[in-house]
Amino acid sequence: MTALATATAAPAAAPASSDTILSVRDLRTQFFTRDGVVRAVDGVSFDLKRGETLCIVGESGCGKSVTALSILRLIPRGAGRIVGGSIKFEGTELTTLPEDQMRKIRGNRISMIFQEPMTSLNPVLTVGAQIAESLHIHQGLDRRAAWDRAVEMLSIVRIADPKRRAGEYPHQLSGGMRQRVMIAIALACNPKVLIADEPTTALDVTIQAQILNLMLELKERLGTAIVLITHDLGVVAETAQRVIVMYAGRKAEEASVEELFRNPIHPYTRGLMGSIPRRTATGRRSNIRGRLQEISGIVPSLREEIPGCAFAPRCSYAVDRCRTEQPPLDPHGPYHLAACWEAARVAATPR
């Protein structure tokens, strides 16, 4: 698989600069359950540059979605909360911002596309009314102007006959159309940052490609920075400029998309790469090359404090130090960070 993105990101280890629109530092989000404390996000840091696409990748339960919800302060009250760290949007600290001011940012300057539109859209309101609502609240448009803008947004996201569709309810639309409505809602106020939480997971591959292309086209038109959460490395290769790999609530590796696919140096990242089906052309035929690799073992419980590397029990490179000391995110060349004590040995091992 080859990466198509060509933009070059600033060094991942560099401090936030003037072109950084979103800066997350040592974010820690926990959920409090009867069985104990779940450390869903455990010390995650990253910067998002203006106009770039940053992908956060990892298997289910690694903390991707909780990271996104934490940025918008949408963690369910009572069940969990942000217990540490900093989230700055254009220099404004979001973790301590009063709720009335946070509402002016949420859905306006930072928007989110949720994973399943059927559960995110209100079933008793027309899709036009749901788009118009955010325009009325955040942009101060009157009812007529908000409705006209809602119809325009449906046209922008390429829904046929937008005037008629604006008056329909979510259950009357297909899955792909509902996801386009979610994009229309998210982009209606021209946000500076768009967080897309696995926006194509429930769609067939043809609609997936259309949705991703639409998002990238609108990004170019509006200059919006995108945080794209996915478990699909194919999506990463086609859309990202920079990639963060998460495992068990922590950041395992970060690199430009070209560098990550060329030289993954964390064993978990290599395991993910090895699980991708590959084809090699032989004349007119294409054959699957070898058996797919699997990562042995299971994901550790986030209810228990992990003293060393969270991936150590499943890692063939692990040494005693890996089980007792948490590795720092060290630079391994420009634009490349990895949290692995044995990174040099991994990098020297042919894939």
# chains A, B, ... in the order shown; residues from 1 in each chain; ligands from 1
>>> select_by_dssp(residues="segment 14-114 of chain A", states="helix (DSSP H, G or I)", output="ChimeraX atom specification")
/A:64-71,99-105
>>> closest_atom_pairs(of="segment 112-212 of chain A", to="segment 22-38 of chain A", cutoff="12 Å", atoms="only C-alpha atoms", output="CSV")
residue,atom,partner,partner_atom,distance
A:Lys192,CA,A:Leu22,CA,9.6
A:Val193,CA,A:Leu22,CA,8.2
A:Leu194,CA,A:Leu22,CA,11.0
A:Ile195,CA,A:Leu22,CA,11.4
>>> residues_around(residues="Ile137 of chain A", least_positions_apart="5", cutoff="12 Å", atoms="only C-alpha atoms", output="ChimeraX atom specification")
/A:103-108,130-132,142-143,146,188-189
>>> residues_around(residues="Ala240 of chain A", least_positions_apart="5", cutoff="6 Å", atoms="only C-alpha atoms", output="list of chain:residue names")
A:Thr53, A:Leu54, A:Cys55
>>> closest_residue(among="A:Gly249, A:Gly175, A:Pro199, A:Gly234", to="Glu305 of chain A", atoms="only C-alpha atoms")
A:Gly249
>>> residues_around(residues="Thr96 of chain A", least_positions_apart="6", cutoff="10 Å", atoms="only C-alpha atoms", output="PyMOL selection string")
chain A and resi 86-87+102
>>> write_last_selection(atoms="C-alpha atoms", output="short mmCIF file (atom, residue, chain, number, x, y, z; two decimals), in the first residue's frame")
data_model
loop_
_atom_site.label_atom_id
_atom_site.label_comp_id
_atom_site.auth_asym_id
_atom_site.auth_seq_id
_atom_site.Cartn_x
_atom_site.Cartn_y
_atom_site.Cartn_z
CA SER A 86 -4.17 20.51 28.57
CA ILE A 87 -6.23 21.09 25.41
CA MET A 102 -17.45 25.94 25.36
#
>>> residues_around(residues="Ala318 of chain A", least_positions_apart="5", cutoff="9 Å", atoms="only C-alpha atoms", output="list in words")
Cys309, Phe311, Ala312, Pro313, Arg323, Trp341 and Glu342 of chain A
>>> residues_around(residues="Glu294 of chain A", least_positions_apart="4", cutoff="10 Å", atoms="only C-alpha atoms", output="number ranges by chain")
A: 271-272, 274-276
>>> write_last_selection(atoms="C-alpha atoms", output="PDB file, in the first residue's frame")
ATOM      1  CA  GLY A 271       1.829  -5.895  13.609  1.00  0.00           C
ATOM      2  CA  LEU A 272      -0.904  -3.690  12.159  1.00  0.00           C
ATOM      3  CA  GLY A 274       1.463  -7.154   8.748  1.00  0.00           C
ATOM      4  CA  SER A 275      -2.269  -7.756   9.041  1.00  0.00           C
ATOM      5  CA  ILE A 276      -3.009  -5.878   5.805  1.00  0.00           C
TER       6      ILE A 276
END
>>> atom_distance(atom1="atom CA of Pro327 of chain A", atom2="atom CA of Cys340 of chain A")
5.5 Å
>>> closest_residue(among="A:Ala209, A:Leu302, A:Ala166, A:Leu233", to="Val245 of chain A", atoms="only C-alpha atoms")
A:Leu233
